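Q: There's a structure below that I have some questions on.
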Amino acid sequence: MPIGFRNTNELWAAILTQTLKRLGLTCAVICPGSRSTPLAVSFAQESPTLEVISILDERSAAFFALGRAKATAIPTAIVCTSGTAGANFYPAVIEAKESRVPLLLLTADRPSELRDCHSGQTIDQLKLYGNYPNWQAELAAPSADMGMLAYLRQTVVYAWERSLYPVPGPVHLNIPFRDPLAPIPDGTDLNSLQLHFQSEDFWTGISPLSPKCFQASPPLQEWLKSDQGIIIAGVAQPKQPQEYCQAIAQLSKTLKFPVLAEGLSPVRNYAELNPHIISTYDLILRNQQLAKQLVPEIVIQIGEMPTSPVLRNWLKTTAAKRWIIDPSDQNLDPLHGRTVHLRVSVEQLTVTFGENTGKEDTGTWERGDAGNVFDNFSASFFASNFTPSSYLQMWCAAEAKVRLNVNQILANTSDLLESKIAWLLSQVLPRETPIFIANSMPVRDIEFFWKPNQSGVKPFFNRGANGIDGTLSTALGIAHGNQSSLMLTGDLALLHDTNGFLIRNKFVGHLTIVLINNNGGGIFEMLPIAKFEPPFEEFFATPQDIDFAQLCATYGVEHELITSWEQFQKRLNPLPTTGIRVLELRTNRKFDAKWRQENLGKFSAPDNLE
């Protein structure tokens with residue numbers, strides 16, 4: 001849309017929105033309010049070339065924006081008015097920071113002369129989110145001076161860059177506006193400025209930014225000397241999952257190391273790329289004899305550590321040297337071990353291997369035109385050294401037996417068992433389905449039971465701060481404008497964010513919600529506090545006794561009660577193409593907790609591995 005010149009606020013807001021659009025912004029979420037009028041009007045005028053979505057509840061809106069940013073890897077802008085409105089963004093800001101998701105928070109504010117004087121709907125919004133934003137600033141009050149407009153443009157460019165590099169995360173711009181807020185004349189003559197925007201000179205150099213990365217020196221030769229190493233493919237949401245999985249597979253084949261693949265990694269969904277995927281590592285390591293035999297010399301962790309406390313505790317007991325491959329500047333070692341961080345992506349690392357193969361290790365990394373050097377090296381090296389080590393064979397044999405045990409037991413389970421839900425989903429969803437997995441028990445059942453497959457299913461999750469805030473809204477943000485998607489959640493996580501259903505009239509696409517209704521917090525049943533009653537049920541499990549059919553009817557959302565596995569599978573493939581649908585499975589919280597406690601250790605018990 002052309003730049004507006006009816007008043008200074010309109011011009012100021014137009015420069016901001018035009019800059020973001022030229023940088024690559026594709027989606028803006030607007031929460032209703034008065035002080036943000038210039039921004040709301042300006043973004044609305046960019047539709048339909050820019051997707052602009054109005055969402056009532058600020059907390060829900062922020063998590064929806066988070067979901068869009070997760071799905072696209074592009075910053076999503078979210079706008080709100082002054083006062084407490086912006087405070088409702090806080091949980092999503094924390095999650096964006098901890099899970100490294102780019103988010104642009106645009107909070108409108110009253111000008112400085114209307115602060116600290118009870119002018120109404122005014123709070124201190126400076127550094128509203130503490131240290132969580134990658135960067136934060138308050139913009140100057142709107143001005144029609146060309147120098148100030150250039151300042152605005154460049155500040156927005158910097159804000160965009162800081163939301164993406166060197167580590168994605170939230171950026172907060174606090175934006176004061178004086179009256180008039182609507183696009184009506186304010187007495188300022190802006191006619192002379194129109195000449196400045198009749199050409200593209202003002203926008204020179206404003207375009208989508210190129211990625212940047214850290215550089216590191218990969219210790220290839222040291223890794224090749226050991227035949228007793230493991231690769232841990234941890235929690236990850238790569239934008240290009242197939243390329244990511246191919247890189248991990250190449251690393252595995254080159255080193256002949258098994259890949260312990262988290263269920264929250266796409267690696268399990270590209271199983272054909274890697275013959276050495278270990279999906280049952282948590283169950284295997286519950287066998288103390290195997291755990292001792294499988295102690296590694298080298299551990300290569302890609303991305304964040306998996307959820308499993310069994311794996312974490314096992315790693316603590318080893319003297320293995322560990323490397324973490326991740327381009328961020330964060331410390332991703334909660335175990336505080338002998339760890340070297342390689343600040344590079346696994347895709348870049350495999351290219352580097354190719355460039356440095358056969359060279360003396362000088363401790364530096366020289367980048368160049370790598371082409372398929374690593375691919376060729378890996379193929380020739382693997383072909384000439386095809387015999388797997390006894391250590392690798394031990395891992396693969398354990399995986400085959402434990403996986404078989406899991407498959408047989410779950411296949412023969414006719415009861416609506418929570419753990420079987422994750423196992424079934426891994427086998428029946430349409431190709432490349434985006435799936436958002438709620439925290440608490442769903443992420444753990446995915447790690448325990450998600451079966452390796454070739455579906456290319458795309459897992460999403462909020463494992464930055466690991467909370468249940470905004471579960472539904474995040475899933476809707478991921479599904480919006482995407483292919484038909486699915487969310488796996490418990491009842492409390494859904495109830496915590498039912499305002500997300502208010503997005504339904506703006507939502508484009510389809511989301512199936514697989515609701516595990518065990519009437520309470522199932523994860524607390526796995527903790528020692530579960531043995532103390534009272535106060536367990538009232539203060540920890542917190543059953544809510546909600547009729548979800550009625551709840552869905554209130555919001556105009558389709559609901560179906562699932563009573564058999566056959567009925568469940570029929571509803572999952574194909575998925576509908578429009579609307580929101582809840583598939584409710586009522587389970588027994590106490591029974592499922594007891595089943596996990598009795599069976600998780602049995603899958604790898606010595607008498608079951610013969």
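Convention: chains lettered A, B, ... in structure tokens order; per-chain residue numbering from 1; ligands numbered from 1 as shown.
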At a cut-off of 8 Å, using only C-alpha atoms, what residues contact Ser328 of chain A? Leave out same-chain residues fewer than 6 positions from it and give the result as a list of chain:residue names.

A: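 Surrounding residues, per the criterion: A:Pro166, A:Val167, A:Phe214, A:Arg343, A:Val344.
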
Q: If you count only C-alpha atoms, which residues fall within 7 Å of segment 426-432 of chain A, apart from same-chain ones fewer than 6 positions away, as an MDAnalysis selection string?

A: chainID A and resid 450:451 455:458 569 572:574

Q: For Gly303 of chain A, find every residue with an atom within 10 Å (counting only C-alpha atoms), except residues of its own chain fewer than 2 positions away, and show them as a PyMOL selection string.

A: chain A and resi 232-238+265+300-301+305-306+324-328+332-333+345-346

Q: How would the residues just picked look written out with N, CA and C atoms as an mmCIF file, in the first residue's frame?

A:
```cif
data_model
loop_
_atom_site.group_PDB
_atom_site.id
_atom_site.type_symbol
_atom_site.label_atom_id
_atom_site.label_comp_id
_atom_site.auth_asym_id
_atom_site.auth_seq_id
_atom_site.Cartn_x
_atom_site.Cartn_y
_atom_site.Cartn_z
ATOM 1 N N ILE A 232 23.677 -38.273 19.590
ATOM 2 C CA ILE A 232 22.363 -38.026 20.182
ATOM 3 C C ILE A 232 21.662 -36.962 19.356
ATOM 4 N N ALA A 233 20.608 -37.349 18.654
ATOM 5 C CA ALA A 233 19.792 -36.395 17.894
ATOM 6 C C ALA A 233 18.697 -35.910 18.826
ATOM 7 N N GLY A 234 18.929 -34.758 19.427
ATOM 8 C CA GLY A 234 18.043 -34.276 20.470
ATOM 9 C C GLY A 234 16.857 -33.497 19.941
ATOM 10 N N VAL A 235 16.231 -32.777 20.852
ATOM 11 C CA VAL A 235 15.048 -31.978 20.554
ATOM 12 C C VAL A 235 15.390 -30.958 19.464
ATOM 13 N N ALA A 236 14.627 -30.946 18.367
ATOM 14 C CA ALA A 236 14.960 -30.049 17.255
ATOM 15 C C ALA A 236 13.741 -29.819 16.371
ATOM 16 N N GLN A 237 13.634 -28.594 15.854
ATOM 17 C CA GLN A 237 12.585 -28.229 14.898
ATOM 18 C C GLN A 237 13.232 -27.541 13.695
ATOM 19 N N PRO A 238 14.041 -28.265 12.900
ATOM 20 C CA PRO A 238 14.727 -27.628 11.775
ATOM 21 C C PRO A 238 13.751 -27.203 10.687
ATOM 22 N N SER A 265 12.546 -35.135 17.578
ATOM 23 C CA SER A 265 13.449 -34.836 16.470
ATOM 24 C C SER A 265 12.835 -35.431 15.209
ATOM 25 N N ILE A 300 28.376 -37.283 20.755
ATOM 26 C CA ILE A 300 28.134 -36.113 19.907
ATOM 27 C C ILE A 300 26.652 -35.779 20.019
ATOM 28 N N GLN A 301 26.370 -34.674 20.664
ATOM 29 C CA GLN A 301 24.981 -34.246 20.874
ATOM 30 C C GLN A 301 24.617 -33.188 19.849
ATOM 31 N N MET A 305 19.428 -31.509 24.598
ATOM 32 C CA MET A 305 19.383 -32.831 25.227
ATOM 33 C C MET A 305 17.965 -33.406 25.203
ATOM 34 N N PRO A 306 17.822 -34.711 24.905
ATOM 35 C CA PRO A 306 16.506 -35.338 24.970
ATOM 36 C C PRO A 306 15.878 -35.225 26.359
ATOM 37 N N ILE A 324 28.844 -30.791 21.540
ATOM 38 C CA ILE A 324 27.490 -30.352 21.230
ATOM 39 C C ILE A 324 27.531 -29.552 19.939
ATOM 40 N N ILE A 325 26.743 -29.977 18.962
ATOM 41 C CA ILE A 325 26.687 -29.315 17.664
ATOM 42 C C ILE A 325 25.415 -28.487 17.607
ATOM 43 N N ASP A 326 25.560 -27.188 17.620
ATOM 44 C CA ASP A 326 24.412 -26.295 17.564
ATOM 45 C C ASP A 326 24.921 -24.884 17.282
ATOM 46 N N PRO A 327 24.281 -24.150 16.357
ATOM 47 C CA PRO A 327 24.800 -22.831 15.977
ATOM 48 C C PRO A 327 24.534 -21.726 16.987
ATOM 49 N N SER A 328 23.797 -22.018 18.059
ATOM 50 C CA SER A 328 23.439 -20.954 18.993
ATOM 51 C C SER A 328 24.607 -20.614 19.902
ATOM 52 N N LEU A 332 24.060 -25.611 26.084
ATOM 53 C CA LEU A 332 23.071 -26.676 25.930
ATOM 54 C C LEU A 332 23.472 -27.938 26.682
ATOM 55 N N ASP A 333 24.286 -27.770 27.722
ATOM 56 C CA ASP A 333 24.718 -28.915 28.509
ATOM 57 C C ASP A 333 24.212 -28.809 29.942
ATOM 58 N N SER A 345 25.867 -25.574 12.607
ATOM 59 C CA SER A 345 24.789 -26.531 12.380
ATOM 60 C C SER A 345 25.370 -27.854 11.902
ATOM 61 N N VAL A 346 24.606 -28.930 12.061
ATOM 62 C CA VAL A 346 25.100 -30.228 11.628
ATOM 63 C C VAL A 346 25.257 -30.265 10.113
#
```

Q: Counting only C-alpha atoms, which residue out of A:Leu583, A:Leu173, A:Ile284, A:Leu251 sits closest to Arg403 of chain A?

A: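 The closest residue to Arg403 of chain A is A:Ile284.
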
Q: Could you pull the residues within 10 Å of Pro543 of chain A, counting only C-alpha atoms, minus those fewer than 2 positions along the same chain, as a ChimeraX atom specification?

A: /A:491-492,518-522,537-541,545-546

Q: Just write the chosen residues, N, CA and C atoms, as a short mmCIF file (atom, residue, chain, number, x, y, z; two decimals), in the first residue's frame.

A:
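Output saved as again-v5.cif:
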```cif
data_model
loop_
_atom_site.label_atom_id
_atom_site.label_comp_id
_atom_site.auth_asym_id
_atom_site.auth_seq_id
_atom_site.Cartn_x
_atom_site.Cartn_y
_atom_site.Cartn_z
N ASP A 491 -5.83 -33.10 28.99
CA ASP A 491 -6.97 -32.23 29.25
C ASP A 491 -6.56 -30.93 29.93
N LEU A 492 -5.62 -30.96 30.87
CA LEU A 492 -5.26 -29.73 31.58
C LEU A 492 -4.57 -28.73 30.65
N ASN A 518 -7.70 -37.67 30.86
CA ASN A 518 -7.58 -38.52 32.04
C ASN A 518 -7.99 -37.77 33.31
N ASN A 519 -8.67 -36.64 33.10
CA ASN A 519 -9.22 -35.84 34.19
C ASN A 519 -8.15 -35.50 35.23
N GLY A 520 -7.10 -34.82 34.75
CA GLY A 520 -6.07 -34.38 35.68
C GLY A 520 -4.68 -34.41 35.08
N GLY A 521 -3.69 -34.13 35.92
CA GLY A 521 -2.30 -34.09 35.48
C GLY A 521 -1.65 -35.45 35.61
N GLY A 522 -1.61 -36.19 34.52
CA GLY A 522 -1.07 -37.55 34.54
C GLY A 522 0.40 -37.61 34.92
N GLU A 537 -4.58 -35.47 45.06
CA GLU A 537 -5.64 -35.25 44.06
C GLU A 537 -6.02 -33.77 43.95
N GLU A 538 -6.22 -33.12 45.07
CA GLU A 538 -6.71 -31.75 45.02
C GLU A 538 -5.66 -30.75 44.58
N PHE A 539 -4.41 -30.95 45.00
CA PHE A 539 -3.41 -29.91 44.78
C PHE A 539 -2.37 -30.25 43.71
N PHE A 540 -2.35 -31.48 43.20
CA PHE A 540 -1.39 -31.84 42.16
C PHE A 540 -2.09 -32.38 40.91
N ALA A 541 -2.89 -33.42 41.06
CA ALA A 541 -3.61 -33.95 39.90
C ALA A 541 -4.66 -32.96 39.40
N ASP A 545 -13.13 -32.18 35.83
CA ASP A 545 -14.47 -32.73 35.57
C ASP A 545 -15.23 -31.92 34.50
N ILE A 546 -14.60 -31.71 33.38
CA ILE A 546 -15.19 -30.91 32.30
C ILE A 546 -15.83 -31.82 31.25
#
```

Q: What is the distance between atom CA of Ala261 of chain A and atom CA of Ser279 of chain A, in Å to one decimal?

A: 5.6 Å

Q: Counting only C-alpha atoms, what is within 12 Å of Gln293 of chain A, bar same-chain residues fewer than 2 positions away, as a ChimeraX atom specification?

A: /A:228,284-285,287-291,295-297,314,318,390-395,398

Q: May I have the selected residues written with C-alpha atoms, as a PDB file, in the first residue's frame?

A:
```
ATOM      1  CA  GLN A 228      32.695 -46.612  20.685  1.00  0.00           C
ATOM      2  CA  ILE A 284      17.339 -50.036  26.741  1.00  0.00           C
ATOM      3  CA  LEU A 285      19.226 -48.095  29.413  1.00  0.00           C
ATOM      4  CA  ASN A 287      18.639 -52.603  31.810  1.00  0.00           C
ATOM      5  CA  GLN A 288      21.620 -52.015  34.113  1.00  0.00           C
ATOM      6  CA  GLN A 289      23.784 -54.675  32.474  1.00  0.00           C
ATOM      7  CA  LEU A 290      23.254 -53.216  29.021  1.00  0.00           C
ATOM      8  CA  ALA A 291      23.776 -49.695  30.348  1.00  0.00           C
ATOM      9  CA  VAL A 295      29.074 -46.814  27.931  1.00  0.00           C
ATOM     10  CA  PRO A 296      30.606 -44.674  25.142  1.00  0.00           C
ATOM     11  CA  GLU A 297      33.991 -43.006  24.760  1.00  0.00           C
ATOM     12  CA  TRP A 314      23.448 -42.507  32.380  1.00  0.00           C
ATOM     13  CA  THR A 318      30.230 -41.923  31.964  1.00  0.00           C
ATOM     14  CA  SER A 390      30.815 -54.771  18.050  1.00  0.00           C
ATOM     15  CA  TYR A 391      29.694 -51.684  19.965  1.00  0.00           C
ATOM     16  CA  LEU A 392      27.430 -50.539  17.132  1.00  0.00           C
ATOM     17  CA  GLN A 393      26.121 -54.101  16.701  1.00  0.00           C
ATOM     18  CA  MET A 394      25.261 -54.235  20.402  1.00  0.00           C
ATOM     19  CA  TRP A 395      23.178 -51.061  20.171  1.00  0.00           C
ATOM     20  CA  ALA A 398      19.173 -54.116  21.587  1.00  0.00           C
TER      21      ALA A 398
END
```

Q: Just want the 12 Å neighbourhood of Glu113 of chain A, counted on only C-alpha atoms, with same-chain residues fewer than 2 positions away dropped. Output as a ChimeraX atom specification.

A: /A:109-111,115-119,122,141,176-178

Q: Those same residues - N, CA, C and O atoms - I'd like them written as a CSV table (one decimal), in the first residue's frame.

A:
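The result, written out as again.csv:
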```csv
chain,number,residue,atom,x,y,z
A,109,ASP,N,2.3,2.6,23.3
A,109,ASP,CA,2.4,3.2,24.6
A,109,ASP,C,2.0,4.6,24.5
A,109,ASP,O,1.9,5.2,23.4
A,110,ARG,N,1.6,5.2,25.7
A,110,ARG,CA,1.4,6.7,25.7
A,110,ARG,C,2.7,7.4,25.7
A,110,ARG,O,3.8,6.8,26.1
A,111,PRO,N,2.8,8.6,25.3
A,111,PRO,CA,4.1,9.3,25.2
A,111,PRO,C,4.5,9.6,26.7
A,111,PRO,O,3.8,9.5,27.6
A,115,ARG,N,2.9,9.6,31.3
A,115,ARG,CA,3.3,8.6,32.2
A,115,ARG,C,3.4,9.1,33.6
A,115,ARG,O,3.8,10.2,33.8
A,116,ASP,N,3.3,8.2,34.5
A,116,ASP,CA,3.4,8.5,36.0
A,116,ASP,C,2.5,9.7,36.4
A,116,ASP,O,2.9,10.5,37.3
A,117,CYS,N,1.3,9.8,35.8
A,117,CYS,CA,0.4,10.8,36.2
A,117,CYS,C,-1.0,10.3,36.2
A,117,CYS,O,-2.0,11.1,36.1
A,118,HIS,N,-1.2,9.0,36.3
A,118,HIS,CA,-2.6,8.4,36.3
A,118,HIS,C,-3.4,8.9,35.1
A,118,HIS,O,-4.6,9.2,35.3
A,119,SER,N,-2.8,8.8,33.9
A,119,SER,CA,-3.6,9.2,32.7
A,119,SER,C,-4.5,8.1,32.2
A,119,SER,O,-5.2,8.3,31.3
A,122,THR,N,-1.9,3.1,31.6
A,122,THR,CA,-0.5,3.4,31.4
A,122,THR,C,0.3,2.7,32.5
A,122,THR,O,0.0,2.9,33.7
A,141,ALA,N,9.3,9.3,19.9
A,141,ALA,CA,7.9,9.7,19.5
A,141,ALA,C,7.9,10.0,18.0
A,141,ALA,O,8.8,10.5,17.4
A,176,PRO,N,5.6,4.6,21.4
A,176,PRO,CA,4.7,5.7,21.9
A,176,PRO,C,4.0,6.4,20.8
A,176,PRO,O,4.6,6.7,19.7
A,177,PHE,N,2.7,6.8,21.0
A,177,PHE,CA,1.9,7.6,20.0
A,177,PHE,C,1.2,8.7,20.8
A,177,PHE,O,0.6,8.4,21.8
A,178,ARG,N,1.2,9.9,20.2
A,178,ARG,CA,0.4,11.0,20.7
A,178,ARG,C,-0.9,11.0,19.9
A,178,ARG,O,-1.0,10.4,18.8
```

Q: Find the residue from A:Leu181, A:Ala493, A:Ala40, A:Ile53 that sits nearest to Gly481 of chain A; use only C-alpha atoms when measuring.

A: A:Ile53

Q: Would you please extract all strand (DSSP E or B) residues from segment 262-488 of chain A, as assigned by DSSP on the backbone, and give them as a list of chain:residue names?

A: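 DSSP on the backbone gives strand (DSSP E or B) at A:Ile277, A:Ile278, A:Ile298, A:Val299, A:Ile300, A:Gln301, A:Ile302, A:Glu304, A:Lys321, A:Arg322, A:Trp323, A:Ile324, A:Ile325, A:Thr339, A:Val340, A:His341, A:Leu342, A:Pro434, A:Ile435, A:Phe436, A:Ile437, A:Lys458, A:Pro459, A:Phe460, A:Phe461, A:Ser485, A:Leu486, A:Met487, A:Leu488.
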
Q: Could you turn the residues from that selection into a file that holds N, CA and C atoms, as a PDB file, in the first residue's frame?

A:
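And here is the file that came out, result29.pdb:
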```
ATOM      1  N   ILE A 277      19.402 -46.007  13.641  1.00  0.00           N
ATOM      2  CA  ILE A 277      18.575 -45.230  14.567  1.00  0.00           C
ATOM      3  C   ILE A 277      18.245 -46.079  15.801  1.00  0.00           C
ATOM      4  N   ILE A 278      18.457 -45.483  16.957  1.00  0.00           N
ATOM      5  CA  ILE A 278      18.093 -46.121  18.217  1.00  0.00           C
ATOM      6  C   ILE A 278      16.956 -45.296  18.823  1.00  0.00           C
ATOM      7  N   ILE A 298      32.888 -41.477  23.259  1.00  0.00           N
ATOM      8  CA  ILE A 298      32.608 -40.184  22.632  1.00  0.00           C
ATOM      9  C   ILE A 298      31.098 -40.011  22.509  1.00  0.00           C
ATOM     10  N   VAL A 299      30.629 -38.824  22.836  1.00  0.00           N
ATOM     11  CA  VAL A 299      29.214 -38.484  22.685  1.00  0.00           C
ATOM     12  C   VAL A 299      29.116 -37.208  21.855  1.00  0.00           C
ATOM     13  N   ILE A 300      28.376 -37.283  20.755  1.00  0.00           N
ATOM     14  CA  ILE A 300      28.134 -36.113  19.907  1.00  0.00           C
ATOM     15  C   ILE A 300      26.652 -35.779  20.019  1.00  0.00           C
ATOM     16  N   GLN A 301      26.370 -34.674  20.664  1.00  0.00           N
ATOM     17  CA  GLN A 301      24.981 -34.246  20.874  1.00  0.00           C
ATOM     18  C   GLN A 301      24.617 -33.188  19.849  1.00  0.00           C
ATOM     19  N   ILE A 302      23.552 -33.420  19.114  1.00  0.00           N
ATOM     20  CA  ILE A 302      23.097 -32.469  18.099  1.00  0.00           C
ATOM     21  C   ILE A 302      21.835 -31.796  18.608  1.00  0.00           C
ATOM     22  N   GLU A 304      19.450 -29.836  21.399  1.00  0.00           N
ATOM     23  CA  GLU A 304      19.227 -29.904  22.837  1.00  0.00           C
ATOM     24  C   GLU A 304      19.107 -31.340  23.340  1.00  0.00           C
ATOM     25  N   LYS A 321      33.961 -38.060  26.517  1.00  0.00           N
ATOM     26  CA  LYS A 321      34.129 -36.677  26.083  1.00  0.00           C
ATOM     27  C   LYS A 321      32.951 -36.329  25.187  1.00  0.00           C
ATOM     28  N   ARG A 322      32.395 -35.140  25.396  1.00  0.00           N
ATOM     29  CA  ARG A 322      31.169 -34.785  24.688  1.00  0.00           C
ATOM     30  C   ARG A 322      31.353 -33.529  23.860  1.00  0.00           C
ATOM     31  N   TRP A 323      30.717 -33.565  22.679  1.00  0.00           N
ATOM     32  CA  TRP A 323      30.638 -32.388  21.815  1.00  0.00           C
ATOM     33  C   TRP A 323      29.160 -32.063  21.592  1.00  0.00           C
ATOM     34  N   ILE A 324      28.844 -30.791  21.540  1.00  0.00           N
ATOM     35  CA  ILE A 324      27.490 -30.352  21.230  1.00  0.00           C
ATOM     36  C   ILE A 324      27.531 -29.552  19.939  1.00  0.00           C
ATOM     37  N   ILE A 325      26.743 -29.977  18.962  1.00  0.00           N
ATOM     38  CA  ILE A 325      26.687 -29.315  17.664  1.00  0.00           C
ATOM     39  C   ILE A 325      25.415 -28.487  17.607  1.00  0.00           C
ATOM     40  N   THR A 339      32.480 -30.982  28.029  1.00  0.00           N
ATOM     41  CA  THR A 339      31.756 -30.677  26.795  1.00  0.00           C
ATOM     42  C   THR A 339      32.443 -29.581  26.004  1.00  0.00           C
ATOM     43  N   VAL A 340      32.498 -29.807  24.687  1.00  0.00           N
ATOM     44  CA  VAL A 340      32.969 -28.777  23.756  1.00  0.00           C
ATOM     45  C   VAL A 340      31.795 -28.386  22.873  1.00  0.00           C
ATOM     46  N   HIS A 341      31.449 -27.109  22.840  1.00  0.00           N
ATOM     47  CA  HIS A 341      30.382 -26.627  21.972  1.00  0.00           C
ATOM     48  C   HIS A 341      30.950 -26.267  20.610  1.00  0.00           C
ATOM     49  N   LEU A 342      30.434 -26.884  19.578  1.00  0.00           N
ATOM     50  CA  LEU A 342      30.770 -26.505  18.206  1.00  0.00           C
ATOM     51  C   LEU A 342      29.639 -25.616  17.710  1.00  0.00           C
ATOM     52  N   PRO A 434       2.166 -31.853  10.061  1.00  0.00           N
ATOM     53  CA  PRO A 434       2.697 -31.136  11.229  1.00  0.00           C
ATOM     54  C   PRO A 434       1.945 -31.599  12.474  1.00  0.00           C
ATOM     55  N   ILE A 435       2.688 -31.953  13.518  1.00  0.00           N
ATOM     56  CA  ILE A 435       2.063 -32.389  14.771  1.00  0.00           C
ATOM     57  C   ILE A 435       2.644 -31.587  15.915  1.00  0.00           C
ATOM     58  N   PHE A 436       1.762 -30.949  16.667  1.00  0.00           N
ATOM     59  CA  PHE A 436       2.202 -30.213  17.857  1.00  0.00           C
ATOM     60  C   PHE A 436       1.951 -31.095  19.075  1.00  0.00           C
ATOM     61  N   ILE A 437       3.004 -31.298  19.865  1.00  0.00           N
ATOM     62  CA  ILE A 437       2.950 -32.222  20.991  1.00  0.00           C
ATOM     63  C   ILE A 437       3.010 -31.415  22.285  1.00  0.00           C
ATOM     64  N   LYS A 458       6.227 -33.840  10.763  1.00  0.00           N
ATOM     65  CA  LYS A 458       6.998 -32.714  11.299  1.00  0.00           C
ATOM     66  C   LYS A 458       6.572 -32.426  12.738  1.00  0.00           C
ATOM     67  N   PRO A 459       7.396 -32.782  13.723  1.00  0.00           N
ATOM     68  CA  PRO A 459       7.027 -32.528  15.116  1.00  0.00           C
ATOM     69  C   PRO A 459       7.310 -31.085  15.536  1.00  0.00           C
ATOM     70  N   PHE A 460       6.369 -30.487  16.276  1.00  0.00           N
ATOM     71  CA  PHE A 460       6.538 -29.164  16.868  1.00  0.00           C
ATOM     72  C   PHE A 460       6.196 -29.262  18.349  1.00  0.00           C
ATOM     73  N   PHE A 461       6.720 -28.335  19.145  1.00  0.00           N
ATOM     74  CA  PHE A 461       6.548 -28.422  20.593  1.00  0.00           C
ATOM     75  C   PHE A 461       7.078 -27.142  21.216  1.00  0.00           C
ATOM     76  N   SER A 485      -3.182 -30.382  10.119  1.00  0.00           N
ATOM     77  CA  SER A 485      -2.255 -30.610  11.222  1.00  0.00           C
ATOM     78  C   SER A 485      -2.954 -31.303  12.380  1.00  0.00           C
ATOM     79  N   LEU A 486      -2.126 -31.738  13.350  1.00  0.00           N
ATOM     80  CA  LEU A 486      -2.656 -32.455  14.496  1.00  0.00           C
ATOM     81  C   LEU A 486      -1.981 -31.956  15.767  1.00  0.00           C
ATOM     82  N   MET A 487      -2.735 -31.960  16.859  1.00  0.00           N
ATOM     83  CA  MET A 487      -2.193 -31.633  18.167  1.00  0.00           C
ATOM     84  C   MET A 487      -2.488 -32.781  19.117  1.00  0.00           C
ATOM     85  N   LEU A 488      -1.477 -33.198  19.879  1.00  0.00           N
ATOM     86  CA  LEU A 488      -1.634 -34.235  20.895  1.00  0.00           C
ATOM     87  C   LEU A 488      -1.504 -33.564  22.254  1.00  0.00           C
TER      88      LEU A 488
END
```

Q: Using the chain letters and numbers from this document, which residues of segment 402-592 of chain A does DSSP assign to helix (DSSP H, G or I), as an MDAnalysis selection string?

A: chainID A and resid 402:411 418:428 441:449 471:479 491:495 498:505 522:526 528:531 536:541 548:555 565:570 589:592

Q: Skipping near chain neighbours, those fewer than 5 positions away, what residues fall within 9 Å of Val52 of chain A using only C-alpha atoms, listed as a PyMOL selection string?

A: chain A and resi 26-30+43-44+46-47

Q: Out of A:Pro258, A:Pro185, A:Pro75, A:Gly467, which residue has the shortest atom-to-atom distance to Pro208 of chain A when counting only C-alpha atoms?

A: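 Smallest separation from Pro208 of chain A among the options: A:Pro75.
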
Q: Tell me which of A:Pro528, A:Gly205, A:Pro535, A:Gly556 sits closest to Leu502 of chain A, counting only C-alpha atoms.

A: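 Checking each candidate against Leu502 of chain A, we get A:Gly556 as the closest.
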
Q: Of the candidates A:Cys31, A:Leu495, A:Leu294, A:Asp329, which shows the shortest atom-to-atom distance to Thr317 of chain A, using only C-alpha atoms?

A: A:Leu294

Q: If you take only C-alpha atoms and a cut-off of 12 Å, which residues of segment 116-186 of chain A touch segment 64-67 of chain A, and what are their nearest atom pairs and distances in Å to one decimal, in chain and number order, as CSV?

A:
```
residue,atom,partner,partner_atom,distance
A:Pro168,CA,A:Leu66,CA,11.9
A:Gly169,CA,A:Leu66,CA,10.1
A:Pro170,CA,A:Leu66,CA,9.5
```

Q: Mind giving me the straight-line distance from atom CA of Arg571 of chain A to atom CA of Arg68 of chain A in Å, one decimal?

A: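 Interatomic distance, atom CA of Arg571 of chain A to atom CA of Arg68 of chain A: 25.4 Å.
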